[in-house]
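Asker: Okay, handing you the structure first.
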Amino acid sequence: MSATKHTIAVIVNDQPGVLQRVSGLFGRRGFNIESITVGASEEAGLSRMVIVTTGDDHMLEQIEKQLYKIIDVIKVVNLSSQAMVGRELALIKVKAEPSERPEVLGVVETFRASIVDIGPTTLVVQVVGDSVKIEAMIELLQPYGIREISRTGVTAMIRGSVTDSK
Amino acid sequence: MSTHHTTMRSKDELREKWMKPDIITGSEILLRSLLLEGVECVFGYPGGAVLYIYDAMHGFDDFNHLLTRHEQGAIHAADGYARASGKVGVCIATSGPGATNLVTGIATAYMDSIPLVVITGNVATTLIGTDAFQEADITGITMPITKHSYLVRDVEDLPRVIHEAFHIASTGRKGPVLIDIPKDVSAAKTLFKPVTEIDIRGYNPTVSPNKYQVDKMIKAIEQAERPLILAGAGVVHSGAHDELLEFVNKSGIPVTTTLLGLGGFPSGHELWLGMPGMHGTYTANNAIQQADLLINVGARFDDRVTMKLEGFAPYAKIVHIDIDPAEIGKNVPTDIPIVGDILTTLKQANTVIKHTDNAEEWRNLVKQMKMDKPLRYIDSSDELKPQWVIEMIHDTTHGNAIVTTDVGQHQMWSAQYYRFNHPRSFITSGGLGTMGFGFPSAIGAQMANPDRTVVSINGDGGMQMCAQELAICAINNIPVKVAIINNQVLGMVRQWQEIIYDNRYSHIDLAGSPDFVKLAEAYGVRGFRATTKEEALQAWEEALNTPGPAVVEFVVRKHENVYPMVTQGCTIDQMIMGDSE
């Protein structure tokens, strides 16, 4: 069995320590976390975590089963087993002297990204998309000199009228 | 009958008293809630952060509180109480060091799925996070070793939290639940509103198995020629020993019981093959390797049972019944998974199971193996052999005692040579392998079963890890009979160093151990020493006839090994038969 990337949604009680319960489980059982996002869900008192992990099918099955053993976990959905929209936001602070700006702007526009801050010698670029697009954007901005990158990690949802909480 | 009637009535009256909606402190809410959960005995140790709780216990005698001499003793006793009774064990400790002293006990209970409610005090909510005196983040520390935990920040939550904790600890795959109560919460007053309903959205264990899966198992059994049952702790936890016996009697399928499954099936049964695994019997291990159908009933394919996974049960189709879906397929790929309670599942199966006529040859084969290759040791006329001591303890207690053990050689010999016939009668730390568990767990087992003989078998190493609890046996006249199998070394470590590390004995000599007879007497407990069979029998009989606790030290030979033995990296049929060959 080969290791592949999986995106999992975990609906949890919005309780103190719940992130520690989930991340601790991944740590002690040797499951990998590529990214994890947490935020409010459509229901008060519940949060939705989206975790990107890599592993084979056996590991994925164990991840789901072990997650369900946490009392504060309400539901686990393997989003990537279905048609899924996965999005990530990145803020990239790139070195851009006034003379270089038009060129950087060209790259930004092509990616339908935007400039959210302009400093004397830098620009902050905001880009939204799947992880592949973010990677491509970073690669293209690299030559100008990237000062700082901040990424949100992937959040995701099943396409169409299906929801993961029902 | 009339006394029974009075007890029932007074229990109802008491319940009414405890339920009364008074304005009381968090501490009183805790005590009343424990009583409403049916708690009769609590093991604990006071300290700063639980002073309000202990103040509420002043002059209080609705339940028994035993003051141990170490928090570790308290939690192991609560664990022994739970294992021997099937009820939830309860212990209390203060914040910081009191709480961290419970950690080994919590992990012990977690590994063996033992229902405990562990109550710790914490510093006041206003001080949490400030590195206050005796502050420790015990919910954080114990997250990986508890089934669930609560840090109660509001006294209003207490009744619900306690009720949930008992529910979670004692249902599904059982386990320890920790409730951390800050000092100001145990002091705060509020109107007591008992909680009797359970509403935990993320918790709903599957009890009833999928009928389709059970049918698949029945079909597989019909087709099998060499079926075998591997019965584990789940049989004992769910109280399914009678149903397992019925299942075996109806089907004629041979049974092997894991360390924690011992007692879940009568050892005198002709189809019982003994314990499998690292120190398992020749028959059990070979039967697993030859079986064409292996039915795992509430065991978790622990590495000490399977040994080398590649090559484990190579010809067997695997059926796995477990209340915890995460156990199924975790270590061994499973053909027929059945998620459910063992008792419920076996009851269902027993209505349709038929005798395995195809397996006649197989039954004869394993019975023959059992006869040809029984557990054996070479006895001695001039030296006391540990295996002989265990057999002697078995014979003098007619196989009916509750036996607790510590961890090591004596534990394996107890598992091999004390033939268990009753569930909840063999109490041992299987998963975590906790030294220091044997003696305090016996105290809990005795509290749960005042009328049964409770024997605690220990090594000279482990006995020194919790010997201080002799005090509570003496003070409360708890009649535990303590056997110390004294070989003057850390025997199991010595055995490994001999066999695997080429006789390089490193730090195993227990010279400097106390005189155990004097140690017992220092606590006011009767002590005996035996170095020969005659002395052993005489001292042990006298200990059994002592109305209170007693300690018997059996001085045995140093170089005895536990056999059979499968070393790591080998499959379970690659056994070193040792002395018995």
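So you can find residues: chains in the structure tokens are A, B, ... in the order shown, residues in each start at 1, and ligands are numbered from 1 in order.
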Taking only C-alpha atoms into account and nothing else, which residues of chain B lie no more than 6 Å away from chain A? Please answer as a list in words.

Answerer: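 Per the criterion, chain B yields Gly202, Tyr203 and Ala326 of chain B.
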
Asker: How would the residues just picked look written out with N, CA, C and O atoms as a compact mmCIF listing (two decimals), in the first residue's frame?

Answerer:
```txt
# COMPACT_ATOMS: atom_id res chain seq x y z
N GLY B 202 -20.97 12.75 21.17
CA GLY B 202 -19.87 12.09 20.49
C GLY B 202 -19.54 10.71 21.04
O GLY B 202 -18.48 10.17 20.77
N TYR B 203 -20.46 10.15 21.83
CA TYR B 203 -20.14 8.87 22.48
C TYR B 203 -21.33 7.94 22.42
O TYR B 203 -22.34 8.18 23.09
N ALA B 326 -11.48 0.22 16.62
CA ALA B 326 -10.09 0.55 16.29
C ALA B 326 -9.15 -0.62 16.53
O ALA B 326 -8.05 -0.65 16.00
```

Asker: List every residue of region 3-164 of chain A that DSSP, applied to the backbone, labels as alpha helix (DSSP H), and write the result as JSON, numbers by chain.

Answerer: {"A": [18, 19, 20, 21, 22, 23, 24, 25, 26, 27, 28, 57, 58, 59, 60, 61, 62, 63, 64, 65, 66, 67, 68, 101, 102, 103, 104, 105, 106, 107, 108, 109, 110, 131, 132, 133, 134, 135, 136, 137, 138, 139, 140, 141]}

Asker: Please provide as a ChimeraX atom specification all residues within 10 Å of region 129-143 of chain B, with the sequence filter that same-chain residues fewer than 5 positions apart are discarded (counting only C-alpha atoms).

Answerer: /A:17,20-21,24-25 /B:47-49,94-100,102-104,106-107,120-124,148-151,177-180

Asker: So how many Å separate CA of Val389 (chain B) and CA of Leu537 (chain B), to one decimal?

Answerer: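 The value is 8.6 Å.
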
Asker: CA of Gly129 (chain A) to CA of Gly86 (chain A): how many Å, to one decimal?

Answerer: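 Value for the CA of Gly129 (chain A)-CA of Gly86 (chain A) distance: 7.6 Å.
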
Asker: Quote the spacing between CA of Gly569 (chain B) and CA of Asp406 (chain B) in Å to one decimal place.

Answerer: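 Separation of CA of Gly569 (chain B) and CA of Asp406 (chain B): 25.5 Å.
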
Asker: When DSSP works through the backbone of this structure, what residues of region 406-463 of chain B end up as strand (DSSP E or B), shown as a PyMOL selection string?

Answerer: chain B and resi 426-427+454-459

Asker: Please produce a file of those selected residues containing N, CA, C and O atoms, as a PDB file, in the first residue's frame.

Answerer:
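Output below, filename selection.pdb:
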```pdb
ATOM      1  N   PHE B 426      -8.125 -13.473  38.368  1.00  0.00           N
ATOM      2  CA  PHE B 426      -6.705 -13.275  38.099  1.00  0.00           C
ATOM      3  C   PHE B 426      -6.511 -11.811  37.758  1.00  0.00           C
ATOM      4  O   PHE B 426      -7.015 -11.319  36.745  1.00  0.00           O
ATOM      5  N   ILE B 427      -5.813 -11.111  38.632  1.00  0.00           N
ATOM      6  CA  ILE B 427      -5.678  -9.664  38.497  1.00  0.00           C
ATOM      7  C   ILE B 427      -4.208  -9.341  38.295  1.00  0.00           C
ATOM      8  O   ILE B 427      -3.382  -9.573  39.182  1.00  0.00           O
ATOM      9  N   VAL B 454      -8.039 -13.692  49.107  1.00  0.00           N
ATOM     10  CA  VAL B 454      -7.280 -12.919  48.130  1.00  0.00           C
ATOM     11  C   VAL B 454      -5.790 -13.143  48.379  1.00  0.00           C
ATOM     12  O   VAL B 454      -5.291 -12.911  49.478  1.00  0.00           O
ATOM     13  N   VAL B 455      -5.131 -13.638  47.348  1.00  0.00           N
ATOM     14  CA  VAL B 455      -3.701 -13.925  47.438  1.00  0.00           C
ATOM     15  C   VAL B 455      -2.969 -12.971  46.509  1.00  0.00           C
ATOM     16  O   VAL B 455      -3.348 -12.810  45.353  1.00  0.00           O
ATOM     17  N   SER B 456      -1.937 -12.321  47.030  1.00  0.00           N
ATOM     18  CA  SER B 456      -1.138 -11.446  46.192  1.00  0.00           C
ATOM     19  C   SER B 456       0.234 -12.065  46.014  1.00  0.00           C
ATOM     20  O   SER B 456       0.980 -12.223  46.970  1.00  0.00           O
ATOM     21  N   ILE B 457       0.545 -12.460  44.774  1.00  0.00           N
ATOM     22  CA  ILE B 457       1.838 -13.095  44.504  1.00  0.00           C
ATOM     23  C   ILE B 457       2.782 -12.047  43.905  1.00  0.00           C
ATOM     24  O   ILE B 457       2.441 -11.389  42.921  1.00  0.00           O
ATOM     25  N   ASN B 458       3.925 -11.874  44.555  1.00  0.00           N
ATOM     26  CA  ASN B 458       4.856 -10.822  44.143  1.00  0.00           C
ATOM     27  C   ASN B 458       6.263 -11.377  44.039  1.00  0.00           C
ATOM     28  O   ASN B 458       6.587 -12.392  44.649  1.00  0.00           O
ATOM     29  N   GLY B 459       7.098 -10.649  43.334  1.00  0.00           N
ATOM     30  CA  GLY B 459       8.523 -10.939  43.372  1.00  0.00           C
ATOM     31  C   GLY B 459       9.160 -10.095  44.464  1.00  0.00           C
ATOM     32  O   GLY B 459       8.509  -9.211  45.035  1.00  0.00           O
TER      33      GLY B 459
END
```

Asker: Quick one: residues within 10 Å of His559 (chain B), only C-alpha atoms counted, chain neighbours fewer than 2 positions away excluded, as a list in words?

Answerer: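 Result of the neighbour search: Asn487, Gln488, Val489, Gly491, Arg494, Gln495, Glu498, Val556, Arg557 and Asn561 of chain B.
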
Asker: Determine the nearest neighbour of Ser150 (chain A) from the options A:Ile36, A:Ile92, A:Val116, A:Val77, counting only C-alpha atoms.

Answerer: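 For Ser150 (chain A), the nearest of the given residues is A:Ile92.
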
Asker: Name the residues in contact with Pro374 (chain B) at a cut-off of 10 Å, using only C-alpha atoms, excluding same-chain residues fewer than 2 positions from it; report them as a PyMOL selection string.

Answerer: chain B and resi 273-274+281-283+369-372+376-377+580

Asker: Which residues, written as a VMD selection string, have at least one atom at most 7 Å from Ile390 (chain B), with only C-alpha atoms counted and residues fewer than 3 positions away on the same chain left out?

Answerer: chain B and resid 386 to 387 393 to 394 414 417 to 418

Asker: Skip Trp272 (chain B) itself and residues of its chain fewer than 6 positions away, then list as a PyMOL selection string all residues within 9 Å of it, counting only C-alpha atoms.

Answerer: chain B and resi 254-257+265-266+284

Asker: For each of B:Leu343, B:Val195, B:Ala313, B:Val248, take the minimum atom-to-atom distance to Ser208 (chain B), counting only C-alpha atoms, then give the residue where this is smallest.

Answerer: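 With only C-alpha atoms as the atom set, the closest residue is B:Leu343.
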